[in-house]
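Novice: Please find one structure pasted underneath; my questions will follow.
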Protein chains: 2
Amino acid sequence: MTAMSNRFRKMGKRISFVPTMGFLHEGHLALMREGRRLGDKLVLSIFVNPTQFGPGEDFKTYPRDFNRDCALAEKAGVDILFTPDARDLYVKGSETYLHQEKLPGHLCGLSRQGHFNGVMTIVAKLFNIVVPHFAVFGEKDFQQLAVIRRMTKDLNFDIQIVGHPTVREPDGLAMSSRNSKLTPAQRDAALSLITSLRNARRSVKNKQTDSNQLIDKATELIQSYPETKIDYIKICDPETLDDVSNIDRPVLMALAVKVGKTRLIDNMILTPDS
Amino acid sequence: MTAMSNRFRKMGKRISFVPTMGFLHEGHLALMREGRRLGDKLVLSIFVNPTQFGPGEDFKTYPRDFNRDCALAEKAGVDILFTPDARDLYVKGSETYLHQEKLPGHLCGLSRQGHFNGVMTIVAKLFNIVVPHFAVFGEKDFQQLAVIRRMTKDLNFDIQIVGHPTVREPDGLAMSSRNSKLTPAQRDAALSLITSLRNARRSVKNKQTDSNQLIDKATELIQSYPETKIDYIKICDPETLDDVSNIDRPVLMALAVKVGKTRLIDNMILTPDS
């Protein structure tokens with residue numbers, strides 16, 4: 001992979017990189033289109049990274065379909081499909097990890113201990129192997145994007161991090177590989193996430209700027225569906241992820257909800273009228 | 001710096017990198033000669049990295065002589081002298097650090113809490129900025145070399161780490177910028193480090209393979225000098241730095257001693273006759 005990247009770079013080609021865990025959906029395809037637009041060569045990685053799953057999380061049952069992914073990647077015009085093996089990426093005796101002091105202490109980081117250290121470490125490794133000019137990430141995992149932007153800046157990676165808006169099903173559900181696990185009734189309950197976010201956006205436009213009120217309303221709606229269990233609903237600063245109680249500037253509303261055994265996340269920027 | 005490196009790389013040039021904290025001595029010059037030999041372009045960085053000094057350590061009094069360093073670098077054929085400013089390297093809000101689980105729990109890592117996390121983080125940053133093919137480090141700080149080798153492998157940096165044997169004064173004292181702080185009496189006491197290592201090497205050749213006996217002998221000699229305070233004397237595995245009690249293979253003997261207010265380190269590989 002690195003040898004090919006070095007060759008591309010010597011030819012003056014700009015390399016775009018889309019790191020994924022596979023089971024590709026329309027969201028990933030949008031990232032790839034953005035990658036193609038930005039660079040001359042497009043690298044897609046598929047790697048279900050064990051170090052970002054905690055004990056009891058769904059590493060083993062995370063959905064996989066390698067053949068389908070290959071066909072989709074080819075159709076999307078991927079130049080290099082990079083599918084490393086965990087035994088090659090984490091060699092025996094491996095003991096170096098990245099960590100951040102503050103960002104992982106928010107949102108998903110609280111219930112997923114060590115998750116973002118695992119994400120940062122694998123992304124840094126992939127950055128060093130792929131040596132891209134651009135790396136494209138979805139905004140659905142907003143905290144992941146914030147963590148990676150911070151990491152890229154702090155460690156002086158010469159890579160432009162590009163965020164891409166969340167791609168949604170026609171009914172509004174954020175695309176996710178994990179959606180494939182939902183039963184029809186759970187699929188219905190899952191819609192309460194985007195409905196809550198849209199309600200909050202409307203409330204903010206109507207001058208309701210008290211975060212707790214908005215969070216209470218979202219909580220009520222989501223809990224009205226069976227099989228839902230709220231992990232968090234937060235309104236926070238989009239860069240530091242610190243809580244914001246009064247919405248006097250654009251804020252991030254982010255939530256994580258277990259629907260049955262499937263953990264779903266979504267988020268939206270809420271902008272008050274000026 | 002990165003733009004120049006990218007230009008060199010496009011021209012097919014191989015880049016060697018020698019990171020230093022300045023106050024250059026013959027040891028650094030030897031690293032630079034090795035760098036010149038390995039690559040086409042030689043980058044020297046001078047940066048006294050605040051994050052690798054603990055509270056109460058000698059960050060403020062660490063010796064500096066920028067003009068002399070520039071002259072020496074030029075004479076040594078350095079192509080790029082990179083002297084970043086701490087405010088540019090550690091931007092506001094910076095919070096990403098590297099850490100290792102085991103290696104820093106040995107030798108200097110025990111008395112210098114956080115030191116190797118600071119070293120790893122700055123070296124990773126410099127690697128991303130300089131983008132070298134080779135990076136040359138002295139073997140005097142053997143643990144630093146082990147930590148950086150491990151980090152480079154674990155994070156998949158495409159960089160060859162080259163260790164260079166410790167350069168010594170004619171009387172055997174390991175070259176160090178900190179030697180400039182020693183009084184004549186302390187300079188004399190400092191020689192007990194290399195004398196202890198040479199005694200141990202001789203003992204091992206003479207079939208004395210009990211680590212504790214060798215360590216006791218070294219302790220006795222060093223403590224016979226006034227103004228010395230032993231931090232540690234260890235005999236350990238050169239890769240994992242785990243203690244070795246019976247010397248049945250090549251081992252690392254490493255020591256750290258405060259002479260007056262100046263902390264000195266030295267080490268030697270002890271190889272039993274086969």
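Here, A, B, ... name the chains of the structure tokens in the order displayed, residue numbers run from 1 inside each chain, and ligands are numbered from 1 in the same displayed order.
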So that I can see what lies close to A:Gly105, please list as a PyMOL selection string the residues with an atom at most 10 Å from it, counting only C-alpha atoms and leaving out residues fewer than 5 positions away in the same chain.
Specialist: chain A and resi 100+110-113+116+241-242
Novice: Tell me which protein, DNA and RNA residues are within 12 Å of B:Asp237, counting only C-alpha atoms, leaving out same-chain ones fewer than 2 positions away, and put them as a list in words.
Specialist: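 Everything that qualifies: Leu103, His106, Leu107, Phe142, Gln143, Ala146, Ser211, Lys234, Ile235, Glu239, Thr240, Leu241, Asp242, Asp243, Val244, Ser245, Asn246, Ile247, Asp248, Arg249, Pro250, Val251, Leu252, Met253, Ala254, Met268, Ile269, Leu270 and Thr271 of chain B.
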Novice: For the selection just defined, write its residues with C-alpha atoms to a file, as a PDB file, in the first residue's frame.
Specialist:
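Output below, filename part-v6.pdb:
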```
ATOM      1  CA  LEU B 103       8.536  -0.004  27.882  1.00  0.00           C
ATOM      2  CA  HIS B 106      11.517   0.524  33.155  1.00  0.00           C
ATOM      3  CA  LEU B 107      14.820   2.334  33.738  1.00  0.00           C
ATOM      4  CA  PHE B 142      19.043   3.148  24.915  1.00  0.00           C
ATOM      5  CA  GLN B 143      15.510   3.171  26.319  1.00  0.00           C
ATOM      6  CA  ALA B 146      13.789   1.093  22.182  1.00  0.00           C
ATOM      7  CA  SER B 211      23.387  -9.824  37.661  1.00  0.00           C
ATOM      8  CA  LYS B 234      19.922  -2.483  35.861  1.00  0.00           C
ATOM      9  CA  ILE B 235      20.770  -5.531  33.815  1.00  0.00           C
ATOM     10  CA  GLU B 239      14.357  -5.298  23.641  1.00  0.00           C
ATOM     11  CA  THR B 240      11.741  -5.587  26.418  1.00  0.00           C
ATOM     12  CA  LEU B 241      13.962  -4.018  29.145  1.00  0.00           C
ATOM     13  CA  ASP B 242      12.698  -6.690  31.559  1.00  0.00           C
ATOM     14  CA  ASP B 243      15.221  -7.581  34.296  1.00  0.00           C
ATOM     15  CA  VAL B 244      17.588 -10.481  33.616  1.00  0.00           C
ATOM     16  CA  SER B 245      19.026 -12.179  36.694  1.00  0.00           C
ATOM     17  CA  ASN B 246      21.355 -14.705  35.041  1.00  0.00           C
ATOM     18  CA  ILE B 247      23.362 -13.532  32.042  1.00  0.00           C
ATOM     19  CA  ASP B 248      23.047 -16.398  29.540  1.00  0.00           C
ATOM     20  CA  ARG B 249      22.683 -14.182  26.452  1.00  0.00           C
ATOM     21  CA  PRO B 250      23.558 -10.585  25.467  1.00  0.00           C
ATOM     22  CA  VAL B 251      22.005  -8.196  28.000  1.00  0.00           C
ATOM     23  CA  LEU B 252      21.844  -4.468  28.479  1.00  0.00           C
ATOM     24  CA  MET B 253      23.500  -2.968  31.544  1.00  0.00           C
ATOM     25  CA  ALA B 254      22.114   0.527  32.013  1.00  0.00           C
ATOM     26  CA  MET B 268      26.626  -1.193  27.526  1.00  0.00           C
ATOM     27  CA  ILE B 269      25.688  -4.528  25.988  1.00  0.00           C
ATOM     28  CA  LEU B 270      27.298  -7.373  27.986  1.00  0.00           C
ATOM     29  CA  THR B 271      27.857 -10.517  25.950  1.00  0.00           C
TER      30      THR B 271
END
```
Novice: When you look at A:Pro84 with a cut-off of 9 Å (counting only C-alpha atoms), what residues show up, excluding the ones that are within fewer than 3 positions of it in the same chain? I need them as a ChimeraX atom specification.
Specialist: /A:45-47,87-89
Novice: Return the neighbours of chain A among the residues of chain B, cut-off 7 Å, counting only C-alpha atoms, as a PyMOL selection string.
Specialist: chain B and resi 10+94-101+124-125+128-129+151+154-158
Novice: Measuring atom to atom with only C-alpha atoms, identify which of A:Asp210, A:Glu34, A:Asp188, A:Asp65 is nearest to A:Glu227.
Specialist: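 That would be A:Asp188, the residue with the smallest distance to A:Glu227.
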Novice: Apply DSSP to the backbone of this structure and, from stretch 12-210 of chain A, keep only the residues in strand (DSSP E or B); write these as number ranges by chain.
Specialist: A: 15-20, 41-46, 80-82, 96-100, 134-138, 160-164, 168, 174, 210
Novice: Next, the residues of the selection above should be written as an mmCIF file, in the first residue's frame with N, CA and C atoms.
Specialist:
```cif
data_model
loop_
_atom_site.group_PDB
_atom_site.id
_atom_site.type_symbol
_atom_site.label_atom_id
_atom_site.label_comp_id
_atom_site.auth_asym_id
_atom_site.auth_seq_id
_atom_site.Cartn_x
_atom_site.Cartn_y
_atom_site.Cartn_z
ATOM 1 N N ILE A 15 -3.952 11.884 -3.338
ATOM 2 C CA ILE A 15 -4.581 10.643 -2.870
ATOM 3 C C ILE A 15 -5.694 10.949 -1.870
ATOM 4 N N SER A 16 -6.895 10.431 -2.139
ATOM 5 C CA SER A 16 -8.013 10.525 -1.191
ATOM 6 C C SER A 16 -8.195 9.176 -0.514
ATOM 7 N N PHE A 17 -8.580 9.229 0.756
ATOM 8 C CA PHE A 17 -8.675 8.012 1.554
ATOM 9 C C PHE A 17 -10.004 7.982 2.297
ATOM 10 N N VAL A 18 -10.712 6.867 2.151
ATOM 11 C CA VAL A 18 -11.951 6.654 2.904
ATOM 12 C C VAL A 18 -11.779 5.387 3.746
ATOM 13 N N PRO A 19 -11.529 5.549 5.050
ATOM 14 C CA PRO A 19 -11.406 4.365 5.914
ATOM 15 C C PRO A 19 -12.792 3.915 6.376
ATOM 16 N N THR A 20 -13.071 2.609 6.262
ATOM 17 C CA THR A 20 -14.381 2.088 6.681
ATOM 18 C C THR A 20 -14.211 0.756 7.402
ATOM 19 N N LYS A 41 -6.506 9.832 -6.997
ATOM 20 C CA LYS A 41 -6.545 8.390 -6.713
ATOM 21 C C LYS A 41 -7.354 8.177 -5.446
ATOM 22 N N LEU A 42 -8.179 7.141 -5.452
ATOM 23 C CA LEU A 42 -9.062 6.894 -4.306
ATOM 24 C C LEU A 42 -8.708 5.564 -3.642
ATOM 25 N N VAL A 43 -8.382 5.642 -2.350
ATOM 26 C CA VAL A 43 -8.088 4.442 -1.561
ATOM 27 C C VAL A 43 -9.247 4.211 -0.589
ATOM 28 N N LEU A 44 -9.777 2.997 -0.606
ATOM 29 C CA LEU A 44 -10.811 2.603 0.363
ATOM 30 C C LEU A 44 -10.218 1.518 1.241
ATOM 31 N N SER A 45 -10.308 1.677 2.562
ATOM 32 C CA SER A 45 -9.887 0.572 3.432
ATOM 33 C C SER A 45 -11.107 -0.046 4.092
ATOM 34 N N ILE A 46 -11.079 -1.351 4.233
ATOM 35 C CA ILE A 46 -12.100 -2.080 4.982
ATOM 36 C C ILE A 46 -11.386 -2.843 6.070
ATOM 37 N N ILE A 80 -7.581 1.714 -5.104
ATOM 38 C CA ILE A 80 -6.978 0.681 -4.250
ATOM 39 C C ILE A 80 -7.949 0.336 -3.124
ATOM 40 N N LEU A 81 -8.286 -0.941 -3.051
ATOM 41 C CA LEU A 81 -9.072 -1.438 -1.927
ATOM 42 C C LEU A 81 -8.078 -2.081 -0.966
ATOM 43 N N PHE A 82 -7.927 -1.494 0.220
ATOM 44 C CA PHE A 82 -6.920 -1.941 1.189
ATOM 45 C C PHE A 82 -7.638 -2.677 2.310
ATOM 46 N N THR A 96 1.876 0.528 21.635
ATOM 47 C CA THR A 96 1.786 1.983 21.513
ATOM 48 C C THR A 96 0.366 2.403 21.147
ATOM 49 N N TYR A 97 -0.216 3.294 21.931
ATOM 50 C CA TYR A 97 -1.572 3.770 21.659
ATOM 51 C C TYR A 97 -1.624 5.285 21.753
ATOM 52 N N LEU A 98 -2.608 5.866 21.065
ATOM 53 C CA LEU A 98 -2.833 7.297 21.171
ATOM 54 C C LEU A 98 -3.921 7.541 22.204
ATOM 55 N N HIS A 99 -3.856 8.655 22.875
ATOM 56 C CA HIS A 99 -4.979 9.032 23.722
ATOM 57 C C HIS A 99 -5.131 10.536 23.737
ATOM 58 N N GLN A 100 -6.354 10.965 24.036
ATOM 59 C CA GLN A 100 -6.642 12.387 24.171
ATOM 60 C C GLN A 100 -7.154 12.633 25.574
ATOM 61 N N PHE A 134 -6.025 13.606 1.405
ATOM 62 C CA PHE A 134 -7.345 13.873 1.975
ATOM 63 C C PHE A 134 -7.853 12.610 2.667
ATOM 64 N N ALA A 135 -8.572 12.784 3.767
ATOM 65 C CA ALA A 135 -9.265 11.649 4.378
ATOM 66 C C ALA A 135 -10.697 12.103 4.652
ATOM 67 N N VAL A 136 -11.665 11.296 4.206
ATOM 68 C CA VAL A 136 -13.071 11.695 4.263
ATOM 69 C C VAL A 136 -13.806 10.843 5.298
ATOM 70 N N PHE A 137 -14.498 11.520 6.219
ATOM 71 C CA PHE A 137 -15.258 10.842 7.275
ATOM 72 C C PHE A 137 -16.685 11.388 7.282
ATOM 73 N N GLY A 138 -17.636 10.539 7.642
ATOM 74 C CA GLY A 138 -19.017 10.974 7.761
ATOM 75 C C GLY A 138 -19.231 11.781 9.030
ATOM 76 N N GLN A 160 -5.591 16.602 4.928
ATOM 77 C CA GLN A 160 -6.797 17.424 5.099
ATOM 78 C C GLN A 160 -7.966 16.509 5.455
ATOM 79 N N ILE A 161 -8.544 16.743 6.629
ATOM 80 C CA ILE A 161 -9.681 15.941 7.082
ATOM 81 C C ILE A 161 -10.967 16.592 6.558
ATOM 82 N N VAL A 162 -11.769 15.796 5.872
ATOM 83 C CA VAL A 162 -12.989 16.316 5.254
ATOM 84 C C VAL A 162 -14.193 15.613 5.881
ATOM 85 N N GLY A 163 -15.107 16.407 6.426
ATOM 86 C CA GLY A 163 -16.346 15.855 6.977
ATOM 87 C C GLY A 163 -17.427 15.866 5.911
ATOM 88 N N HIS A 164 -18.251 14.825 5.891
ATOM 89 C CA HIS A 164 -19.321 14.752 4.889
ATOM 90 C C HIS A 164 -20.669 14.601 5.606
ATOM 91 N N ARG A 168 -29.007 9.866 4.639
ATOM 92 C CA ARG A 168 -30.175 9.308 5.330
ATOM 93 C C ARG A 168 -31.039 8.474 4.394
ATOM 94 N N ALA A 174 -30.613 7.779 9.790
ATOM 95 C CA ALA A 174 -29.210 7.891 9.358
ATOM 96 C C ALA A 174 -28.722 6.533 8.888
ATOM 97 N N ASP A 210 -33.508 26.784 25.680
ATOM 98 C CA ASP A 210 -33.100 26.078 26.898
ATOM 99 C C ASP A 210 -32.818 24.607 26.564
#
```
Novice: A:Tyr62: which residues within 12 Å, counting only C-alpha atoms, same-chain residues fewer than 6 positions away excluded, as a JSON list (two decimals) with N, CA and C atoms, in the first residue's frame?
Specialist:
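Final output, out28.json:
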```json
[["chain", "number", "residue", "atom", "x", "y", "z"],
["A", 21, "MET", "N", -15.32, 0.31, 8.01],
["A", 21, "MET", "CA", -15.36, -1.04, 8.56],
["A", 21, "MET", "C", -16.19, -1.95, 7.64],
["A", 22, "GLY", "N", -16.41, -1.52, 6.41],
["A", 22, "GLY", "CA", -17.10, -2.36, 5.43],
["A", 22, "GLY", "C", -18.60, -2.40, 5.61],
["A", 23, "PHE", "N", -19.24, -3.40, 4.98],
["A", 23, "PHE", "CA", -20.69, -3.51, 4.89],
["A", 23, "PHE", "C", -21.22, -2.18, 4.35],
["A", 47, "PHE", "N", -11.68, -2.49, 7.31],
["A", 47, "PHE", "CA", -11.03, -3.17, 8.43],
["A", 47, "PHE", "C", -11.92, -3.02, 9.66],
["A", 48, "VAL", "N", -12.45, -4.12, 10.15],
["A", 48, "VAL", "CA", -13.24, -4.08, 11.37],
["A", 48, "VAL", "C", -12.23, -4.15, 12.52],
["A", 49, "ASN", "N", -11.97, -2.97, 13.10],
["A", 49, "ASN", "CA", -10.86, -2.80, 14.02],
["A", 49, "ASN", "C", -11.19, -3.31, 15.43],
["A", 50, "PRO", "N", -10.57, -4.40, 15.86],
["A", 50, "PRO", "CA", -10.93, -4.97, 17.16],
["A", 50, "PRO", "C", -10.69, -4.02, 18.33],
["A", 53, "PHE", "N", -13.61, -1.81, 19.78],
["A", 53, "PHE", "CA", -14.79, -2.43, 20.39],
["A", 53, "PHE", "C", -14.44, -2.78, 21.83],
["A", 176, "SER", "N", -26.53, 3.38, 8.38],
["A", 176, "SER", "CA", -25.57, 2.72, 9.25],
["A", 176, "SER", "C", -25.54, 1.24, 8.90],
["A", 177, "SER", "N", -24.35, 0.66, 8.94],
["A", 177, "SER", "CA", -24.26, -0.78, 8.70],
["A", 177, "SER", "C", -25.10, -1.53, 9.72],
["A", 178, "ARG", "N", -25.21, -0.96, 10.92],
["A", 178, "ARG", "CA", -25.95, -1.64, 11.98],
["A", 178, "ARG", "C", -27.46, -1.64, 11.75],
["A", 179, "ASN", "N", -27.97, -0.76, 10.85],
["A", 179, "ASN", "CA", -29.42, -0.75, 10.57],
["A", 179, "ASN", "C", -29.90, -2.12, 10.07],
["A", 180, "SER", "N", -28.99, -2.87, 9.47],
["A", 180, "SER", "CA", -29.36, -4.18, 8.91],
["A", 180, "SER", "C", -29.83, -5.14, 10.00],
["A", 181, "LYS", "N", -29.52, -4.81, 11.25],
["A", 181, "LYS", "CA", -29.88, -5.72, 12.35],
["A", 181, "LYS", "C", -31.27, -5.44, 12.91],
["A", 261, "LYS", "N", -30.93, -4.69, 20.67],
["A", 261, "LYS", "CA", -29.51, -4.85, 21.00],
["A", 261, "LYS", "C", -28.63, -3.93, 20.16],
["A", 262, "THR", "N", -29.25, -3.13, 19.28],
["A", 262, "THR", "CA", -28.48, -2.35, 18.32],
["A", 262, "THR", "C", -28.34, -0.91, 18.80],
["A", 263, "ARG", "N", -27.10, -0.46, 18.89],
["A", 263, "ARG", "CA", -26.85, 0.90, 19.36],
["A", 263, "ARG", "C", -26.79, 1.84, 18.16]]
```
Novice: Taking only C-alpha atoms into account, which of B:Met32, B:Ile233, B:Ala71, B:Leu38 comes nearest B:Ile265?
Specialist: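 Among the listed residues, the smallest separation from B:Ile265 belongs to B:Ile233.
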Novice: List the spatial neighbours of B:Ile194 as number ranges by chain - criterion: any atom at most 8 Å away, only C-alpha atoms, same-chain residues fewer than 5 positions off excluded.
Specialist: B: 172-174, 266
Novice: Mind writing the picked residues with N, CA and C atoms as a PDB file, in the first residue's frame?
Specialist:
```pdb
ATOM      1  N   GLY B 172      36.527   8.098  28.156  1.00  0.00           N
ATOM      2  CA  GLY B 172      35.438   7.128  28.231  1.00  0.00           C
ATOM      3  C   GLY B 172      34.081   7.701  28.603  1.00  0.00           C
ATOM      4  N   LEU B 173      34.045   8.914  29.142  1.00  0.00           N
ATOM      5  CA  LEU B 173      32.755   9.507  29.525  1.00  0.00           C
ATOM      6  C   LEU B 173      31.864   9.660  28.294  1.00  0.00           C
ATOM      7  N   ALA B 174      30.622   9.182  28.406  1.00  0.00           N
ATOM      8  CA  ALA B 174      29.689   9.311  27.283  1.00  0.00           C
ATOM      9  C   ALA B 174      29.412  10.786  27.015  1.00  0.00           C
ATOM     10  N   ASP B 266      24.257   6.050  31.092  1.00  0.00           N
ATOM     11  CA  ASP B 266      25.174   5.334  30.209  1.00  0.00           C
ATOM     12  C   ASP B 266      24.701   3.882  30.156  1.00  0.00           C
TER      13      ASP B 266
END
```
